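Q: If it helps, the file is called protein_20.cif and holds mmCIF, C-alpha atoms:
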```
data_my_file
loop_
_atom_site.group_PDB
_atom_site.id
_atom_site.type_symbol
_atom_site.label_atom_id
_atom_site.label_comp_id
_atom_site.auth_asym_id
_atom_site.auth_seq_id
_atom_site.Cartn_x
_atom_site.Cartn_y
_atom_site.Cartn_z
ATOM 1 C CA MET R 1 -14.374 -1.935 35.790
ATOM 2 C CA SER R 2 -15.873 1.440 36.512
ATOM 3 C CA ARG R 3 -15.501 3.928 33.680
ATOM 4 C CA LYS R 4 -16.384 7.453 32.724
ATOM 5 C CA ASP R 5 -19.465 7.913 30.602
ATOM 6 C CA SER R 6 -18.630 7.975 26.903
ATOM 7 C CA ALA R 7 -20.154 11.466 26.705
ATOM 8 C CA PHE R 8 -16.955 12.554 28.451
ATOM 9 C CA LEU R 9 -15.195 11.989 25.120
ATOM 10 C CA ALA R 10 -17.447 14.224 23.025
ATOM 11 C CA ASP R 11 -15.137 17.248 23.108
ATOM 12 C CA ALA R 12 -12.007 15.212 22.399
ATOM 13 C CA LEU R 13 -13.686 13.416 19.511
ATOM 14 C CA GLY R 14 -15.265 16.563 18.099
ATOM 15 C CA HIS R 15 -18.406 14.628 17.258
ATOM 16 C CA ARG R 16 -21.847 13.906 18.736
ATOM 17 C CA PHE R 17 -22.904 10.382 17.880
ATOM 18 C CA ALA R 18 -26.245 9.799 16.193
ATOM 19 C CA ARG R 19 -25.662 6.094 16.860
ATOM 20 C CA PRO R 20 -24.005 5.997 20.301
ATOM 21 C CA GLU R 21 -23.962 2.206 20.221
ATOM 22 C CA LEU R 22 -21.077 2.441 17.740
ATOM 23 C CA LEU R 23 -18.941 4.304 20.248
ATOM 24 C CA ASP R 24 -19.969 1.880 22.981
ATOM 25 C CA GLN R 25 -18.857 -1.043 20.818
ATOM 26 C CA ALA R 26 -15.519 0.686 20.191
ATOM 27 C CA LEU R 27 -14.997 1.168 23.930
ATOM 28 C CA THR R 28 -15.935 -2.383 24.966
ATOM 29 C CA HIS R 29 -13.014 -4.792 24.741
ATOM 30 C CA PRO R 30 -13.784 -8.456 23.903
ATOM 31 C CA SER R 31 -12.296 -9.464 27.274
ATOM 32 C CA ALA R 32 -15.235 -7.716 28.961
ATOM 33 C CA ALA R 33 -18.162 -8.850 26.848
ATOM 34 C CA GLY R 34 -17.044 -11.016 23.945
ATOM 35 C CA ASN R 35 -17.652 -8.017 21.719
ATOM 36 C CA ALA R 36 -17.597 -9.364 18.144
ATOM 37 C CA PRO R 37 -17.722 -5.961 16.340
ATOM 38 C CA TYR R 38 -14.637 -4.699 18.212
ATOM 39 C CA GLU R 39 -12.033 -6.411 16.038
ATOM 40 C CA ARG R 40 -13.912 -5.417 12.888
ATOM 41 C CA LEU R 41 -13.833 -1.809 14.074
ATOM 42 C CA GLU R 42 -10.075 -2.078 14.679
ATOM 43 C CA PHE R 43 -9.630 -3.378 11.142
ATOM 44 C CA LEU R 44 -11.587 -0.499 9.636
ATOM 45 C CA GLY R 45 -10.079 2.179 11.877
ATOM 46 C CA ASP R 46 -6.561 1.137 10.953
ATOM 47 C CA ARG R 47 -7.339 1.727 7.269
ATOM 48 C CA VAL R 48 -9.091 5.052 7.839
ATOM 49 C CA LEU R 49 -6.197 6.294 9.984
ATOM 50 C CA GLY R 50 -3.742 5.261 7.293
ATOM 51 C CA LEU R 51 -5.546 7.191 4.583
ATOM 52 C CA VAL R 52 -5.865 10.376 6.650
ATOM 53 C CA VAL R 53 -2.230 10.302 7.769
ATOM 54 C CA ALA R 54 -1.001 9.610 4.231
ATOM 55 C CA HIS R 55 -3.004 12.592 2.974
ATOM 56 C CA MET R 56 -1.645 14.810 5.779
ATOM 57 C CA LEU R 57 1.912 13.894 4.845
ATOM 58 C CA TYR R 58 1.291 14.323 1.122
ATOM 59 C CA ARG R 59 0.098 17.880 1.755
ATOM 60 C CA ALA R 60 2.671 18.782 4.403
ATOM 61 C CA PHE R 61 5.790 17.635 2.529
ATOM 62 C CA PRO R 62 5.179 18.227 -1.194
ATOM 63 C CA LYS R 63 8.849 17.847 -2.144
ATOM 64 C CA GLU R 64 9.769 14.752 -0.145
ATOM 65 C CA PRO R 65 10.313 11.423 -1.946
ATOM 66 C CA GLU R 66 8.193 8.382 -1.218
ATOM 67 C CA GLY R 67 10.814 6.758 1.025
ATOM 68 C CA ALA R 68 10.938 9.717 3.405
ATOM 69 C CA LEU R 69 7.141 9.951 3.486
ATOM 70 C CA ALA R 70 6.955 6.235 4.239
ATOM 71 C CA ARG R 71 9.229 6.597 7.273
ATOM 72 C CA ARG R 72 7.138 9.487 8.574
ATOM 73 C CA TYR R 73 3.965 7.493 7.947
ATOM 74 C CA THR R 74 5.224 4.423 9.801
ATOM 75 C CA ALA R 75 6.061 6.513 12.859
ATOM 76 C CA LEU R 76 2.625 8.154 12.894
ATOM 77 C CA VAL R 77 0.495 5.014 12.553
ATOM 78 C CA ARG R 78 2.491 2.713 14.818
ATOM 79 C CA ARG R 79 0.910 1.425 17.998
ATOM 80 C CA GLU R 80 2.983 3.730 20.189
ATOM 81 C CA ALA R 81 1.492 6.750 18.434
ATOM 82 C CA LEU R 82 -2.037 5.397 18.802
ATOM 83 C CA ALA R 83 -1.501 4.638 22.490
ATOM 84 C CA ARG R 84 -0.085 8.118 23.017
ATOM 85 C CA ILE R 85 -3.191 9.725 21.541
ATOM 86 C CA ALA R 86 -5.427 7.425 23.583
ATOM 87 C CA GLU R 87 -3.633 8.504 26.763
ATOM 88 C CA THR R 88 -3.856 12.172 25.810
ATOM 89 C CA ILE R 89 -7.645 12.028 25.502
ATOM 90 C CA ASP R 90 -7.983 9.663 28.510
ATOM 91 C CA LEU R 91 -9.608 6.995 26.370
ATOM 92 C CA GLY R 92 -8.789 4.274 28.878
ATOM 93 C CA ALA R 93 -11.055 5.883 31.484
ATOM 94 C CA CYS R 94 -14.038 5.291 29.194
ATOM 95 C CA MET R 95 -13.273 1.692 28.275
ATOM 96 C CA ARG R 96 -14.813 -1.501 29.551
ATOM 97 C CA VAL R 97 -12.239 -4.291 29.771
ATOM 98 C CA GLY R 98 -11.760 -7.565 31.615
ATOM 99 C CA GLU R 99 -9.815 -7.648 34.868
ATOM 100 C CA ALA R 100 -6.784 -9.353 33.294
ATOM 101 C CA GLU R 101 -6.454 -6.609 30.672
ATOM 102 C CA GLN R 102 -6.482 -3.618 33.025
ATOM 103 C CA THR R 103 -2.777 -3.637 33.863
ATOM 104 C CA GLY R 104 0.493 -5.012 32.544
ATOM 105 C CA LEU R 105 2.508 -4.748 29.369
ATOM 106 C CA GLY R 106 -0.550 -5.225 27.174
ATOM 107 C CA ARG R 107 -2.187 -2.035 28.407
ATOM 108 C CA ARG R 108 -0.699 0.184 25.697
ATOM 109 C CA ASN R 109 -1.641 -2.321 23.000
ATOM 110 C CA LEU R 110 -5.193 -2.251 24.339
ATOM 111 C CA LEU R 111 -5.267 1.553 24.154
ATOM 112 C CA ALA R 112 -3.909 1.494 20.594
ATOM 113 C CA ASP R 113 -6.577 -1.008 19.518
ATOM 114 C CA ALA R 114 -9.316 1.062 21.148
ATOM 115 C CA CYS R 115 -8.113 4.213 19.403
ATOM 116 C CA GLU R 116 -8.408 2.463 16.041
ATOM 117 C CA ALA R 117 -11.878 1.228 16.951
ATOM 118 C CA VAL R 118 -12.982 4.752 17.908
ATOM 119 C CA ILE R 119 -11.728 6.108 14.573
ATOM 120 C CA ALA R 120 -13.863 3.492 12.829
ATOM 121 C CA ALA R 121 -16.883 4.429 14.948
ATOM 122 C CA LEU R 122 -16.438 8.073 13.953
ATOM 123 C CA PHE R 123 -16.211 7.069 10.294
ATOM 124 C CA LEU R 124 -19.341 4.908 10.433
ATOM 125 C CA ASP R 125 -21.390 7.488 12.327
ATOM 126 C CA GLY R 126 -20.220 10.762 10.799
ATOM 127 C CA GLY R 127 -18.539 9.772 7.563
ATOM 128 C CA PHE R 128 -14.963 10.311 6.488
ATOM 129 C CA GLU R 129 -15.037 13.976 7.527
ATOM 130 C CA ALA R 130 -15.713 13.129 11.182
ATOM 131 C CA ALA R 131 -12.825 10.662 11.315
ATOM 132 C CA GLU R 132 -10.554 13.035 9.419
ATOM 133 C CA ARG R 133 -11.248 15.925 11.832
ATOM 134 C CA PHE R 134 -10.321 13.759 14.799
ATOM 135 C CA VAL R 135 -7.129 12.374 13.260
ATOM 136 C CA GLU R 136 -5.927 15.735 11.944
ATOM 137 C CA ARG R 137 -6.549 17.409 15.312
ATOM 138 C CA TRP R 138 -4.645 14.894 17.420
ATOM 139 C CA TRP R 139 -1.993 13.697 14.976
ATOM 140 C CA GLN R 140 -0.912 17.171 13.853
ATOM 141 C CA PRO R 141 1.280 17.691 16.978
ATOM 142 C CA LEU R 142 2.978 14.346 16.322
ATOM 143 C CA LEU R 143 3.620 15.343 12.726
ATOM 144 C CA ALA R 144 5.020 18.699 13.876
ATOM 145 C CA GLU R 145 7.606 16.878 16.009
ATOM 146 C CA GLN R 146 9.137 15.314 12.890
ATOM 147 C CA GLU R 147 11.724 17.868 11.835
ATOM 148 C CA GLU R 148 13.330 15.174 9.683
ATOM 149 C CA PRO R 149 11.987 11.812 8.477
ATOM 150 C CA PRO R 150 12.506 9.382 11.379
ATOM 151 C CA LEU R 151 15.172 6.729 11.018
ATOM 152 C CA ASP R 152 13.659 3.299 10.495
ATOM 153 C CA VAL R 153 13.538 1.787 13.976
ATOM 154 C CA LYS R 154 15.082 -1.540 12.909
ATOM 155 C CA THR R 155 17.981 0.346 11.369
ATOM 156 C CA ALA R 156 18.337 2.435 14.528
ATOM 157 C CA LEU R 157 18.507 -0.718 16.672
ATOM 158 C CA GLN R 158 21.046 -2.252 14.316
ATOM 159 C CA GLU R 159 23.226 0.871 14.494
ATOM 160 C CA TRP R 160 22.975 0.856 18.300
ATOM 161 C CA ALA R 161 24.226 -2.744 18.375
ATOM 162 C CA GLN R 162 27.010 -2.172 15.827
ATOM 163 C CA ALA R 163 28.287 0.847 17.753
ATOM 164 C CA ARG R 164 28.868 -1.505 20.694
ATOM 165 C CA ALA R 165 30.421 -4.334 18.644
ATOM 166 C CA LEU R 166 27.358 -6.533 19.179
ATOM 167 C CA PRO R 167 25.951 -8.920 16.571
ATOM 168 C CA LEU R 168 22.887 -7.948 14.571
ATOM 169 C CA PRO R 169 19.530 -8.120 16.384
ATOM 170 C CA PHE R 170 17.830 -11.499 16.039
ATOM 171 C CA TYR R 171 14.087 -11.549 15.247
ATOM 172 C CA ARG R 172 11.911 -14.566 15.953
ATOM 173 C CA LEU R 173 8.237 -15.110 15.199
ATOM 174 C CA ILE R 174 6.635 -16.292 18.445
ATOM 175 C CA GLY R 175 2.937 -16.215 17.588
ATOM 176 C CA ARG R 176 0.228 -15.537 15.067
ATOM 177 C CA GLU R 177 -3.496 -15.206 15.638
ATOM 178 C CA GLY R 178 -6.621 -13.798 14.066
ATOM 179 C CA PRO R 179 -8.346 -14.500 10.751
ATOM 180 C CA ALA R 180 -6.412 -14.925 7.514
ATOM 181 C CA HIS R 181 -7.644 -11.568 6.177
ATOM 182 C CA ASP R 182 -6.467 -9.642 9.253
ATOM 183 C CA PRO R 183 -3.797 -11.587 11.185
ATOM 184 C CA LEU R 184 -1.795 -10.382 14.164
ATOM 185 C CA PHE R 185 1.872 -11.355 14.432
ATOM 186 C CA ASP R 186 3.964 -11.525 17.605
ATOM 187 C CA VAL R 187 7.736 -11.184 17.205
ATOM 188 C CA GLU R 188 10.592 -11.269 19.698
ATOM 189 C CA VAL R 189 13.894 -9.477 19.149
ATOM 190 C CA SER R 190 17.041 -10.149 21.145
ATOM 191 C CA LEU R 191 20.640 -9.007 21.600
ATOM 192 C CA PRO R 192 23.306 -10.783 23.670
ATOM 193 C CA ASN R 193 23.285 -9.909 27.375
ATOM 194 C CA TRP R 194 19.991 -8.008 27.160
ATOM 195 C CA PRO R 195 16.464 -9.280 27.920
ATOM 196 C CA PRO R 196 14.472 -9.716 24.679
ATOM 197 C CA ALA R 197 11.512 -7.525 23.757
ATOM 198 C CA GLN R 198 8.260 -8.361 22.018
ATOM 199 C CA GLY R 199 6.125 -6.554 19.486
ATOM 200 C CA ARG R 200 2.803 -7.121 17.761
ATOM 201 C CA GLY R 201 1.631 -5.978 14.338
ATOM 202 C CA ARG R 202 -0.679 -6.746 11.456
ATOM 203 C CA SER R 203 2.278 -7.912 9.400
ATOM 204 C CA ARG R 204 5.485 -9.621 10.394
ATOM 205 C CA ARG R 205 7.397 -6.519 9.367
ATOM 206 C CA ALA R 206 5.213 -4.299 11.563
ATOM 207 C CA ALA R 207 5.627 -6.679 14.494
ATOM 208 C CA GLU R 208 9.416 -6.651 14.054
ATOM 209 C CA ALA R 209 9.384 -2.844 14.047
ATOM 210 C CA ALA R 210 7.278 -2.777 17.217
ATOM 211 C CA ALA R 211 9.656 -5.205 18.931
ATOM 212 C CA ALA R 212 12.689 -3.196 17.818
ATOM 213 C CA GLU R 213 11.112 0.005 19.106
ATOM 214 C CA SER R 214 10.394 -1.575 22.485
ATOM 215 C CA LEU R 215 13.914 -2.959 22.858
ATOM 216 C CA LEU R 216 15.582 0.245 21.656
ATOM 217 C CA ALA R 217 13.591 2.363 24.117
ATOM 218 C CA ARG R 218 14.652 0.063 26.957
ATOM 219 C CA LEU R 219 18.294 0.018 25.889
ATOM 220 C CA LYS R 220 18.475 3.802 25.627
ATOM 221 C CA GLY R 221 16.705 4.218 28.952
ATOM 222 C CA GLU R 222 19.088 1.898 30.782
ATOM 223 C CA THR R 223 22.282 3.140 29.143
ATOM 224 C CA ASP R 224 21.284 6.792 29.531
ATOM 225 C CA GLY R 225 20.408 6.172 33.141
#
```
Would you write out, as structure tokens, the structure that this file holds?
A:
Amino acid sequence: MSRKDSAFLADALGHRFARPELLDQALTHPSAAGNAPYERLEFLGDRVLGLVVAHMLYRAFPKEPEGALARRYTALVRREALARIAETIDLGACMRVGEAEQTGLGRRNLLADACEAVIAALFLDGGFEAAERFVERWWQPLLAEQEEPPLDVKTALQEWAQARALPLPFYRLIGREGPAHDPLFDVEVSLPNWPPAQGRGRSRRAAEAAAAESLLARLKGETDG
């Protein structure tokens, strides 16, 4: 696919790459070129993001208990948050992906993965400070939206169902892929009389949360409409 030059991202990233090949690797999906370093960059970027966000929360909410911080943290590192940042900085316009990956439900997952890979590229090229500057700049508005610790999304879905006299949501593992040290889980969640929703995560719990979030967003959208 045609894409903007990666130099387009320089202002959004707040960093000039000494090794531009790292950014190119982060922006090249395996579906386009069988890019082996891409998944390794995702793995590293996920961990760097987690550390920066945890530190942001630790500083921002010095009196909150661990449970409240954990709920805030989960909301800020979930795939929806990553995809939202990727869309804000127009990351997709700079990516190289295969034709089958350019549209469809997997598009937001692709953007989330790429955002993690870019964070890793920043870390490898400019050190922790470069990655930290990027995350703090773009995640601060998301943090500011959290007036209270978010309700766990699985609990929120359960409460939605109970309020309508429905049985508890049913979660089913539908797939697992990737190496043993960094697996990806696919989970489906369903409620009677509603189409099921799927979610993906690096743990079964994370995949269940992603599926619950997807279903809850759909349910609220349809009932509100």
Q: Expand the PyMOL selection byres ((chain R and resi 173) around 8) into the explicit residue set it covers here, and present it as an MDAnalysis selection string.
A: chainID R and resid 171:172 174:175 185:188 204
Q: If you apply the PyMOL selection byres ((chain R and resi 111-125) around 7) to this file, what residues do you get, as a ChimeraX atom specification?
A: /R:17-19,22-23,26-27,38,41-42,44-46,79,82-83,86,92,107-110,126-128,130-131
Q: Once the PyMOL selection byres ((chain R and resi 52) around 10) is applied to the coordinates I shared, what remains selected? I want it as a ChimeraX atom specification.
A: /R:47-51,53-58,128-129,131-136,139
Q: Find the nearest atom pair between each residue of segment 188-215 of chain R and segment 143-164 of chain R for residues within 6 Å, count only C-alpha atoms, give distances in Å to one decimal, sort rows by chain and ascending number, and present the table as a tab-separated table.
A:
```
residue	atom	partner	partner_atom	distance
R:Ala209	CA	R:Lys154	CA	6.0
R:Ala212	CA	R:Lys154	CA	5.7
R:Glu213	CA	R:Val153	CA	5.9
```
Q: Go through R:Trp194, R:Phe8, R:Phe170, R:Trp138 one by one, measure the shortest atom-to-atom distance of each to Ile85 of chain R using only C-alpha atoms, and give the residue with the smallest value.
A: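 Of R:Trp194, R:Phe8, R:Phe170, R:Trp138, the one nearest Ile85 of chain R is R:Trp138, counting only C-alpha atoms.
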